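Q: The structure file model_22.tsv (TSV, C-alpha atoms) is provided below.
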chain	number	residue	atom	x	y	z
A	191	MET	CA	45.11	-39.44	40.64
A	192	ASN	CA	46.38	-36.12	39.26
A	193	MET	CA	43.49	-33.67	39.47
A	194	THR	CA	45.34	-30.52	38.49
A	195	PRO	CA	44.50	-30.34	34.74
A	196	MET	CA	40.85	-31.10	35.37
A	197	ILE	CA	40.62	-28.38	38.00
A	198	ASP	CA	42.34	-25.97	35.62
A	199	VAL	CA	39.86	-26.68	32.87
A	200	THR	CA	36.92	-26.43	35.24
A	201	PHE	CA	38.03	-23.06	36.53
A	202	GLN	CA	38.44	-21.80	32.99
A	203	LEU	CA	34.89	-22.88	32.23
A	204	ILE	CA	33.55	-21.17	35.34
A	205	ILE	CA	35.32	-17.94	34.53
A	206	PHE	CA	34.05	-18.13	30.96
A	207	PHE	CA	30.43	-18.53	32.00
A	208	MET	CA	30.67	-15.82	34.66
A	209	LEU	CA	32.03	-13.33	32.15
A	210	VAL	CA	29.61	-14.24	29.39
A	211	ASN	CA	26.69	-13.81	31.76
A	212	ASN	CA	27.73	-10.28	32.53
A	213	ILE	CA	28.59	-9.34	28.98
A	214	ILE	CA	25.10	-10.06	27.66
A	215	SER	CA	24.00	-6.51	27.86
A	216	GLU	CA	22.29	-5.27	30.98
A	217	GLU	CA	20.46	-2.76	28.82
A	218	ALA	CA	18.53	-5.41	26.97
A	219	VAL	CA	15.20	-6.50	28.40
A	220	MET	CA	14.21	-10.12	27.82
A	221	MET	CA	12.00	-10.24	24.78
A	222	ILE	CA	11.66	-11.79	21.36
A	223	VAL	CA	12.29	-9.20	18.68
A	224	PRO	CA	10.65	-9.54	15.25
A	225	GLU	CA	11.80	-12.23	12.90
A	226	LEU	CA	11.62	-11.02	9.31
A	227	GLU	CA	11.07	-12.59	5.94
A	228	GLU	CA	14.36	-12.06	4.10
A	229	PRO	CA	15.82	-9.63	6.62
A	230	LYS	CA	17.88	-6.64	5.57
A	231	THR	CA	19.19	-6.12	9.07
A	232	ARG	CA	22.82	-5.34	9.75
A	233	GLU	CA	24.96	-5.45	12.85
A	234	MET	CA	25.43	-2.23	14.70
A	235	GLY	CA	28.43	-0.74	16.47
A	236	GLU	CA	28.49	-0.08	20.20
A	237	GLU	CA	29.35	3.61	20.18
A	238	ASN	CA	26.83	6.45	20.01
A	239	ARG	CA	23.89	4.30	20.79
A	240	VAL	CA	21.19	4.25	23.36
A	241	THR	CA	18.80	1.33	23.64
A	242	VAL	CA	15.09	1.94	24.03
A	243	ASN	CA	13.25	-1.20	25.07
A	244	VAL	CA	9.51	-1.63	24.91
A	245	ALA	CA	9.03	-4.61	27.19
A	246	PRO	CA	6.19	-7.10	26.91
A	247	GLN	CA	4.07	-7.77	29.99
A	248	SER	CA	5.72	-11.06	30.73
A	249	TYR	CA	8.51	-12.97	29.17
A	250	ASP	CA	7.96	-16.68	28.70
A	251	PRO	CA	11.28	-18.45	28.16
A	252	ASP	CA	9.53	-21.29	26.34
A	253	ARG	CA	8.11	-19.00	23.69
A	254	GLY	CA	9.57	-19.64	20.26
A	255	ILE	CA	10.85	-17.06	17.82
A	256	GLY	CA	8.00	-15.86	15.65
A	257	ASP	CA	5.32	-16.78	18.18
A	258	LEU	CA	3.06	-13.73	18.42
A	259	ASN	CA	0.42	-15.26	20.64
A	260	ILE	CA	0.95	-13.07	23.69
A	261	PRO	CA	-1.06	-10.25	25.22
A	262	GLY	CA	-0.03	-7.35	23.00
A	263	GLU	CA	0.21	-4.72	25.72
A	264	ALA	CA	3.54	-3.36	26.80
A	265	ALA	CA	4.70	-3.29	30.42
A	266	MET	CA	7.27	-0.54	30.53
A	267	VAL	CA	9.78	1.41	28.53
A	268	LYS	CA	13.46	1.25	29.36
A	269	VAL	CA	15.84	3.89	28.09
A	270	GLY	CA	19.42	2.87	28.71
A	271	LEU	CA	19.27	1.55	32.27
A	272	GLU	CA	16.36	3.72	33.33
A	273	GLU	CA	12.80	2.39	33.43
A	274	PHE	CA	9.72	4.44	32.65
A	275	ARG	CA	6.00	3.92	32.92
A	276	LEU	CA	4.00	3.79	29.72
A	277	ASP	CA	1.93	6.85	30.60
A	278	ASP	CA	5.06	8.89	31.19
A	279	MET	CA	6.29	9.52	27.67
A	280	GLU	CA	7.39	13.06	28.55
A	281	ALA	CA	10.01	11.56	30.86
A	282	VAL	CA	11.19	9.28	28.05
A	283	THR	CA	11.54	12.29	25.77
A	284	GLU	CA	13.36	14.15	28.52
A	285	ALA	CA	15.80	11.27	29.11
A	286	LEU	CA	16.54	11.02	25.40
A	287	ARG	CA	16.97	14.76	25.12
A	288	ASP	CA	19.51	14.50	27.95
A	289	ALA	CA	21.34	11.74	26.14
A	290	ARG	CA	21.37	13.81	22.99
A	291	SER	CA	22.74	16.87	24.75
A	292	ARG	CA	25.64	14.72	25.93
A	293	ASN	CA	26.29	13.20	22.51
A	294	LYS	CA	25.03	14.88	19.38
A	295	ASP	CA	25.51	11.86	17.12
A	296	ILE	CA	23.47	9.55	19.25
A	297	GLU	CA	21.45	6.78	17.62
A	298	VAL	CA	18.49	5.03	19.13
A	299	MET	CA	18.10	1.28	19.00
A	300	LEU	CA	14.41	0.56	19.27
A	301	ARG	CA	13.82	-2.91	20.67
A	302	ALA	CA	10.22	-3.95	20.89
A	303	ASP	CA	8.77	-7.41	21.35
A	304	SER	CA	7.47	-8.94	18.12
A	305	GLY	CA	4.05	-9.59	19.67
A	306	LEU	CA	3.30	-6.05	20.81
A	307	PHE	CA	0.51	-4.06	19.18
A	308	PHE	CA	1.64	-1.20	17.01
A	309	ASP	CA	-0.17	1.39	19.10
A	310	GLU	CA	1.98	0.38	22.08
A	311	VAL	CA	5.18	1.13	20.19
A	312	GLN	CA	4.01	4.21	18.34
A	313	PRO	CA	3.99	6.58	21.37
A	314	VAL	CA	7.56	5.54	22.06
A	315	MET	CA	8.57	6.34	18.48
A	316	GLN	CA	6.86	9.67	18.87
A	317	ALA	CA	8.75	10.32	22.12
A	318	ILE	CA	12.01	9.58	20.32
A	319	THR	CA	11.30	12.00	17.50
A	320	SER	CA	10.12	14.60	20.00
A	321	ALA	CA	13.56	14.46	21.57
A	322	GLY	CA	14.94	15.47	18.20
A	323	ILE	CA	16.82	12.27	17.55
A	324	VAL	CA	17.21	11.66	13.86
A	325	LYS	CA	18.66	8.18	13.68
A	326	VAL	CA	16.44	5.40	14.89
A	327	ASN	CA	17.19	1.73	14.31
A	328	MET	CA	14.60	-0.97	14.70
A	329	VAL	CA	15.94	-4.18	16.14
A	330	ALA	CA	15.09	-7.52	14.57
A	331	TYR	CA	16.90	-10.81	14.29
A	332	LEU	CA	19.76	-11.04	11.86
A	333	PRO	CA	19.50	-13.30	8.82
A	334	GLU	CA	20.08	-16.92	9.79
A	335	ASP	CA	23.52	-17.10	8.18
A	336	GLN	CA	24.81	-14.11	10.14
A	337	ARG	CA	23.69	-15.09	13.61
B	62	MET	CA	69.20	-58.87	84.12
B	63	PRO	CA	66.93	-56.59	82.25
B	64	ALA	CA	63.35	-57.54	81.91
B	65	PRO	CA	62.52	-58.84	78.41
B	66	LEU	CA	60.79	-56.23	76.24
B	67	PRO	CA	57.25	-56.99	75.19
B	68	ASP	CA	56.93	-58.35	71.70
B	69	ASP	CA	55.03	-55.49	70.13
B	70	GLU	CA	57.54	-52.93	71.38
B	71	THR	CA	60.38	-54.57	69.57
B	72	VAL	CA	58.43	-54.83	66.39
B	73	HIS	CA	57.66	-51.07	66.35
B	74	HIS	CA	61.12	-49.95	67.24
B	75	GLN	CA	62.25	-48.31	63.98
B	76	SER	CA	64.51	-45.43	62.97
B	77	GLN	CA	63.02	-42.15	61.65
B	78	ARG	CA	64.11	-43.12	58.19
B	79	GLN	CA	62.49	-46.48	58.45
B	80	LYS	CA	59.31	-44.83	59.64
B	81	ARG	CA	59.23	-42.46	56.66
B	82	ARG	CA	59.87	-45.24	54.24
B	83	GLY	CA	57.24	-47.32	55.89
B	84	ARG	CA	54.64	-44.61	55.34
B	85	VAL	CA	55.57	-44.24	51.67
B	86	ILE	CA	55.31	-47.92	51.15
B	87	GLY	CA	51.98	-47.85	52.98
B	88	GLY	CA	50.71	-45.28	50.39
B	89	GLY	CA	49.72	-42.51	52.84
B	90	ASN	CA	51.44	-39.21	51.93
B	91	PRO	CA	51.28	-36.74	54.81
B	92	MET	CA	51.41	-33.73	52.42
B	93	GLU	CA	48.42	-34.72	50.23
B	94	LEU	CA	45.59	-32.14	49.96
B	95	ASN	CA	42.03	-33.27	50.21
B	96	LEU	CA	40.51	-31.76	47.04
B	97	THR	CA	37.17	-33.48	47.13
B	98	SER	CA	35.19	-30.68	48.76
B	99	MET	CA	36.71	-28.01	46.55
B	100	ILE	CA	35.92	-30.02	43.44
B	101	ASP	CA	32.38	-30.43	44.70
B	102	VAL	CA	31.97	-26.69	45.08
B	103	VAL	CA	33.57	-25.99	41.71
B	104	PHE	CA	31.24	-28.40	39.97
B	105	GLN	CA	28.25	-26.83	41.66
B	106	LEU	CA	29.35	-23.43	40.37
B	107	LEU	CA	29.97	-24.81	36.92
B	108	ILE	CA	26.56	-26.43	36.72
B	109	TYR	CA	24.92	-23.27	38.03
B	110	PHE	CA	26.49	-21.10	35.36
B	111	ILE	CA	25.85	-23.57	32.57
B	112	VAL	CA	22.21	-23.79	33.50
B	113	THR	CA	21.59	-20.09	34.05
B	114	SER	CA	23.43	-18.69	31.09
B	115	SER	CA	21.57	-18.24	27.85
B	116	PHE	CA	23.06	-16.93	24.70
B	117	ALA	CA	21.35	-14.13	22.89
B	118	ILE	CA	20.52	-14.80	19.27
B	119	GLY	CA	22.11	-12.20	17.02
B	120	GLU	CA	20.02	-9.09	16.68
B	121	GLY	CA	20.50	-6.56	13.93
B	122	VAL	CA	18.95	-3.26	13.06
B	123	ILE	CA	17.19	-1.56	10.15
B	124	THR	CA	17.75	2.15	10.04
B	125	VAL	CA	14.57	4.19	10.17
B	126	LYS	CA	13.63	7.72	9.35
B	127	LEU	CA	10.74	8.34	11.68
B	128	PRO	CA	8.03	10.85	10.85
B	129	THR	CA	8.67	14.19	12.44
B	130	GLY	CA	6.58	14.41	15.58
B	131	PRO	CA	5.72	17.38	17.75
B	132	GLY	CA	8.80	19.15	19.09
B	133	THR	CA	10.92	18.92	15.98
B	134	PRO	CA	10.99	21.75	13.50
B	135	GLN	CA	9.13	20.98	10.33
B	136	GLN	CA	11.32	21.47	7.32
B	137	SER	CA	9.77	23.42	4.52
B	138	GLN	CA	9.76	20.73	1.88
B	139	LYS	CA	7.61	20.68	-1.15
B	140	PRO	CA	4.86	18.17	-0.63
B	141	PRO	CA	5.92	14.80	-1.98
B	142	GLU	CA	4.14	13.61	-5.02
B	143	GLN	CA	1.93	10.61	-4.41
B	144	PRO	CA	3.50	8.62	-1.62
B	145	LEU	CA	3.21	4.85	-1.72
B	146	LYS	CA	0.99	3.82	1.15
B	147	ILE	CA	1.34	0.35	2.56
B	148	VAL	CA	-1.54	-0.61	4.81
B	149	VAL	CA	-1.08	-3.42	7.33
B	150	ASN	CA	-4.14	-4.87	9.04
B	151	SER	CA	-4.29	-7.53	11.67
B	152	ALA	CA	-6.05	-10.79	10.97
B	153	GLY	CA	-6.81	-14.07	12.65
B	154	ALA	CA	-8.66	-14.94	15.83
B	155	ILE	CA	-6.05	-13.53	18.21
B	156	GLY	CA	-4.71	-10.96	15.80
B	157	THR	CA	-1.45	-12.73	15.17
B	158	GLY	CA	-1.99	-12.84	11.41
B	159	TYR	CA	-1.86	-9.95	9.00
B	160	ARG	CA	-3.22	-8.59	5.73
B	161	VAL	CA	-1.12	-6.19	3.76
B	162	TYR	CA	-1.88	-4.16	0.65
B	163	ILE	CA	-0.72	-1.07	-1.18
B	164	GLU	CA	-3.32	1.65	-1.21
B	165	GLY	CA	-4.82	2.29	-4.63
B	166	LEU	CA	-3.42	-0.88	-6.11
B	167	ALA	CA	-5.44	-3.92	-7.06
B	168	GLY	CA	-4.30	-7.20	-5.67
B	169	ARG	CA	-3.11	-8.15	-2.26
B	170	PRO	CA	0.37	-9.54	-1.60
B	171	ALA	CA	0.11	-12.83	0.26
B	172	ASN	CA	3.22	-12.21	2.29
B	173	PHE	CA	5.96	-9.67	2.79
B	174	LYS	CA	8.14	-11.29	0.18
B	175	GLU	CA	5.48	-10.66	-2.43
B	176	LEU	CA	5.06	-7.15	-1.09
B	177	ALA	CA	8.75	-6.50	-1.66
B	178	GLU	CA	8.50	-7.89	-5.18
B	179	THR	CA	5.51	-5.67	-5.93
B	180	LEU	CA	7.37	-2.67	-4.57
B	181	ILE	CA	10.37	-3.45	-6.73
B	182	GLN	CA	8.15	-3.64	-9.81
B	183	LEU	CA	6.65	-0.24	-8.97
B	184	GLN	CA	10.07	1.35	-8.85
B	185	TYR	CA	11.72	3.45	-11.51
B	186	ASP	CA	15.42	2.64	-11.66
B	187	PRO	CA	16.88	2.33	-15.17
B	188	SER	CA	20.17	1.02	-13.79
B	189	ARG	CA	18.32	-2.04	-12.60
B	190	GLY	CA	15.98	-2.17	-15.57
B	191	LEU	CA	12.92	-1.12	-13.59
B	192	ASN	CA	10.29	1.04	-15.28
B	193	GLY	CA	7.78	1.68	-12.55
B	194	ALA	CA	6.27	5.03	-11.62
B	195	TYR	CA	8.00	5.57	-8.30
B	196	LYS	CA	11.57	6.77	-7.83
B	197	PRO	CA	13.65	5.15	-5.08
B	198	ASP	CA	13.43	8.34	-3.01
B	199	ASN	CA	9.68	8.51	-3.40
B	200	PRO	CA	8.15	8.50	0.07
B	201	VAL	CA	6.79	5.18	1.25
B	202	ILE	CA	4.42	5.41	4.16
B	203	ILE	CA	3.57	2.38	6.25
B	204	ARG	CA	0.18	2.69	7.83
B	205	PRO	CA	-0.48	-0.09	10.33
B	206	GLU	CA	-3.70	-0.66	12.19
B	207	THR	CA	-3.41	-0.12	15.94
B	208	SER	CA	-3.72	-3.80	16.79
B	209	VAL	CA	-1.14	-5.06	14.32
B	210	ARG	CA	1.68	-6.93	15.96
B	211	TRP	CA	5.04	-5.20	15.88
B	212	GLN	CA	6.62	-8.04	13.94
B	213	HIS	CA	4.38	-7.38	10.92
B	214	VAL	CA	5.07	-3.66	11.07
B	215	VAL	CA	8.83	-4.23	11.01
B	216	ASN	CA	8.36	-6.83	8.29
B	217	ALA	CA	6.53	-4.32	6.08
B	218	PHE	CA	9.29	-1.81	6.75
B	219	ASN	CA	11.90	-4.40	5.90
B	220	ALA	CA	10.14	-5.15	2.61
B	221	ALA	CA	10.26	-1.47	1.62
B	222	VAL	CA	13.92	-1.21	2.58
B	223	LYS	CA	14.63	-4.38	0.68
B	224	ALA	CA	13.01	-2.90	-2.41
B	225	ARG	CA	15.58	-0.09	-2.03
B	226	TYR	CA	13.24	2.72	-1.16
B	227	SER	CA	15.21	5.27	0.79
B	228	ASN	CA	12.42	7.33	2.30
B	229	VAL	CA	10.28	5.00	4.35
B	230	SER	CA	8.24	6.28	7.26
B	231	PHE	CA	5.32	5.44	9.50
B	232	ALA	CA	1.93	7.06	9.52
B	233	GLN	CA	-0.26	7.46	12.54
B	234	ALA	CA	-1.94	4.19	13.35
B	235	LYS	CA	-5.56	3.83	12.40
B	236	SER	CA	-7.93	1.98	14.62
B	237	ALA	CA	-9.70	-1.11	13.33
B	238	GLU	CA	-13.11	0.60	13.17
B	239	GLU	CA	-12.02	3.14	10.57
Could you write out this file's structure as structure tokens?
A:
Amino acid sequence: MNMTPMIDVTFQLIIFFMLVNNIISEEAVMMIVPELEEPKTREMGEENRVTVNVAPQSYDPDRGIGDLNIPGEAAMVKVGLEEFRLDDMEAVTEALRDARSRNKDIEVMLRADSGLFFDEVQPVMQAITSAGIVKVNMVAYLPEDQR
Amino acid sequence: MPAPLPDDETVHHQSQRQKRRGRVIGGGNPMELNLTSMIDVVFQLLIYFIVTSSFAIGEGVITVKLPTGPGTPQQSQKPPEQPLKIVVNSAGAIGTGYRVYIEGLAGRPANFKELAETLIQLQYDPSRGLNGAYKPDNPVIIRPETSVRWQHVVNAFNAAVKARYSNVSFAQAKSAEE
């Protein structure tokens, strides 16, 4: 039996899955972002952006999109690859100020879980504005036809 | 007189060439690699990566102008005339529902789609045939309750953006007791 083509294909598949796993951004915390009624979201370029994640306390992989029935408290804030405690918003501001001093045109991508309470996200928004960053983008799912 | 050779010895007495041919005919190739274990490993890897990988659903962004917080210089702007205030309250036993209304306006939109329609009707934009009282750059302030889920907040924001208001911002959250 000639195994060579099958082994070729299999290796291709392995390489594909290895690469894809790494590409899915390390900056993104596992969460379910808001799903909107008639979304006006657009895709965003990679340059000039820093991701600010507000992570939920636990991520349940079985949770469906649009399911808000989770404890609404946040667990931590992640700016880029750096993690911060929730009671340490000064450090978040400082990190963002650093990022801004390196790149003046920086934009913030604010990713928060759809089930979080607003008062968990608000201090983070305040920390972003305190750092003097003008452009903030809220992350939500794209319209169905653009996913 | 030489002793007679034993039977089996005569049978196995072959030339090198005969031996080689004999092996080929017998089906055993001395150069064949045993791939079984490698294939096993490769399949294990394949299954591992198929199972562990998950594909992210496309996420997009809505651009926000946040309210100026402490630390940023306050621009000396003339106070905006009559901002549109959208209030979002939480509802339901575990707070996963929502109630939304526009402050000072009778009637309560049932969902964010209706909210967007109401906001469009309130707008003044002759190019689109709209004769409302609010210009597109009129400030729209979204005022969520503290315990409103983030999804509803972003949904209210999305409705305002969809109605083509360009100056949408958030107010400080108000607690449920207020």
Q: Between B:Leu180, B:Leu94, B:Val112, B:Val122, which has the minimum distance to Ala220 of chain B (counting all atoms listed in the file)?
A: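 Checking each of B:Leu180, B:Leu94, B:Val112, B:Val122 against Ala220 of chain B, counting all atoms listed in the file, the winner is B:Leu180.
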Q: Do a neighbour search on Leu276 of chain A at 9 Å with only C-alpha atoms, toss out local chain neighbours closer than 5 positions, and write the hits as a list of chain:residue names.
A: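 Residues near the query, excluding close chain neighbours: A:Ala264, A:Ala265, A:Met266, A:Val267, A:Glu310, A:Pro313, A:Val314.
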Q: Output as a short mmCIF file (atom, residue, chain, number, x, y, z; two decimals) with C-alpha atoms, in the frame of the given file the set of chain A residues within 7 Å of chain B, with distances taken over all atoms listed in the file.
A:
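Result file iface_7.cif:
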data_model
loop_
_atom_site.label_atom_id
_atom_site.label_comp_id
_atom_site.auth_asym_id
_atom_site.auth_seq_id
_atom_site.Cartn_x
_atom_site.Cartn_y
_atom_site.Cartn_z
CA ILE A 204 33.55 -21.17 35.34
CA PHE A 207 30.43 -18.53 32.00
CA MET A 208 30.67 -15.82 34.66
CA ASN A 211 26.69 -13.81 31.76
CA PRO A 224 10.65 -9.54 15.25
CA GLU A 225 11.80 -12.23 12.90
CA LEU A 226 11.62 -11.02 9.31
CA GLU A 227 11.07 -12.59 5.94
CA PRO A 229 15.82 -9.63 6.62
CA LYS A 230 17.88 -6.64 5.57
CA THR A 231 19.19 -6.12 9.07
CA ARG A 232 22.82 -5.34 9.75
CA GLU A 233 24.96 -5.45 12.85
CA MET A 234 25.43 -2.23 14.70
CA LEU A 258 3.06 -13.73 18.42
CA ASN A 259 0.42 -15.26 20.64
CA ASP A 303 8.77 -7.41 21.35
CA SER A 304 7.47 -8.94 18.12
CA GLY A 305 4.05 -9.59 19.67
CA LEU A 306 3.30 -6.05 20.81
CA PHE A 307 0.51 -4.06 19.18
CA PHE A 308 1.64 -1.20 17.01
CA ASP A 309 -0.17 1.39 19.10
CA GLN A 316 6.86 9.67 18.87
CA THR A 319 11.30 12.00 17.50
CA SER A 320 10.12 14.60 20.00
CA GLY A 322 14.94 15.47 18.20
CA VAL A 324 17.21 11.66 13.86
CA LYS A 325 18.66 8.18 13.68
CA VAL A 326 16.44 5.40 14.89
CA ASN A 327 17.19 1.73 14.31
CA MET A 328 14.60 -0.97 14.70
CA VAL A 329 15.94 -4.18 16.14
CA ALA A 330 15.09 -7.52 14.57
CA TYR A 331 16.90 -10.81 14.29
CA LEU A 332 19.76 -11.04 11.86
CA ARG A 337 23.69 -15.09 13.61
#
Q: In Å to one decimal, how far is atom CA of Met221 of chain A from atom CA of Arg253 of chain A?
A: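 That distance, rounded to one decimal, is 9.6 Å.
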Q: Would you kindly return, as a list in words, each protein, DNA or RNA residue with an atom no farther than 10 Å from any atom of Glu272 of chain A, considering all atoms listed in the file and excluding same-chain residues fewer than 2 positions away?
A: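 Those residues are Glu217, Val242, Val267, Lys268, Val269, Gly270, Phe274, Val282 and Ala285 of chain A.
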Q: Would you export the selected residues with C-alpha atoms as a PDB file, in the coordinates of the input, please?
A:
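Saved file part_33.pdb follows:
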ATOM      1  CA  GLU A 217      20.460  -2.760  28.820  1.00  0.00           C
ATOM      2  CA  VAL A 242      15.090   1.940  24.030  1.00  0.00           C
ATOM      3  CA  VAL A 267       9.780   1.410  28.530  1.00  0.00           C
ATOM      4  CA  LYS A 268      13.460   1.250  29.360  1.00  0.00           C
ATOM      5  CA  VAL A 269      15.840   3.890  28.090  1.00  0.00           C
ATOM      6  CA  GLY A 270      19.420   2.870  28.710  1.00  0.00           C
ATOM      7  CA  PHE A 274       9.720   4.440  32.650  1.00  0.00           C
ATOM      8  CA  VAL A 282      11.190   9.280  28.050  1.00  0.00           C
ATOM      9  CA  ALA A 285      15.800  11.270  29.110  1.00  0.00           C
TER      10      ALA A 285
END
Q: What is the atom CA of Tyr249 of chain A to atom CA of Arg301 of chain A distance in Å?
A: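 Between atom CA of Tyr249 of chain A and atom CA of Arg301 of chain A the gap is 14.2 Å.
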Q: Counting all atoms listed in the file, select every polymer residue within 12 Å of (19.2, 13.0, 28.6) as defined in the file's coordinates, and provide the selection as a ChimeraX atom specification.
A: /A:240,269-270,272,280-294,296,318,321-323
Q: Grab the atom CA of Glu236 of chain A to atom CA of Val219 of chain A distance for me, in Å with one decimal place.
A: 16.9 Å
Q: Looking at B:Arg225, B:Arg169, B:Arg204, B:Arg160, which one is nearest to Tyr185 of chain B, with distances taken over all atoms listed in the file?
A: B:Arg225
Q: Closest to Met279 of chain A among A:Glu297, A:Val311, A:Asp250, A:Ile260, using all atoms listed in the file?
A: A:Val311
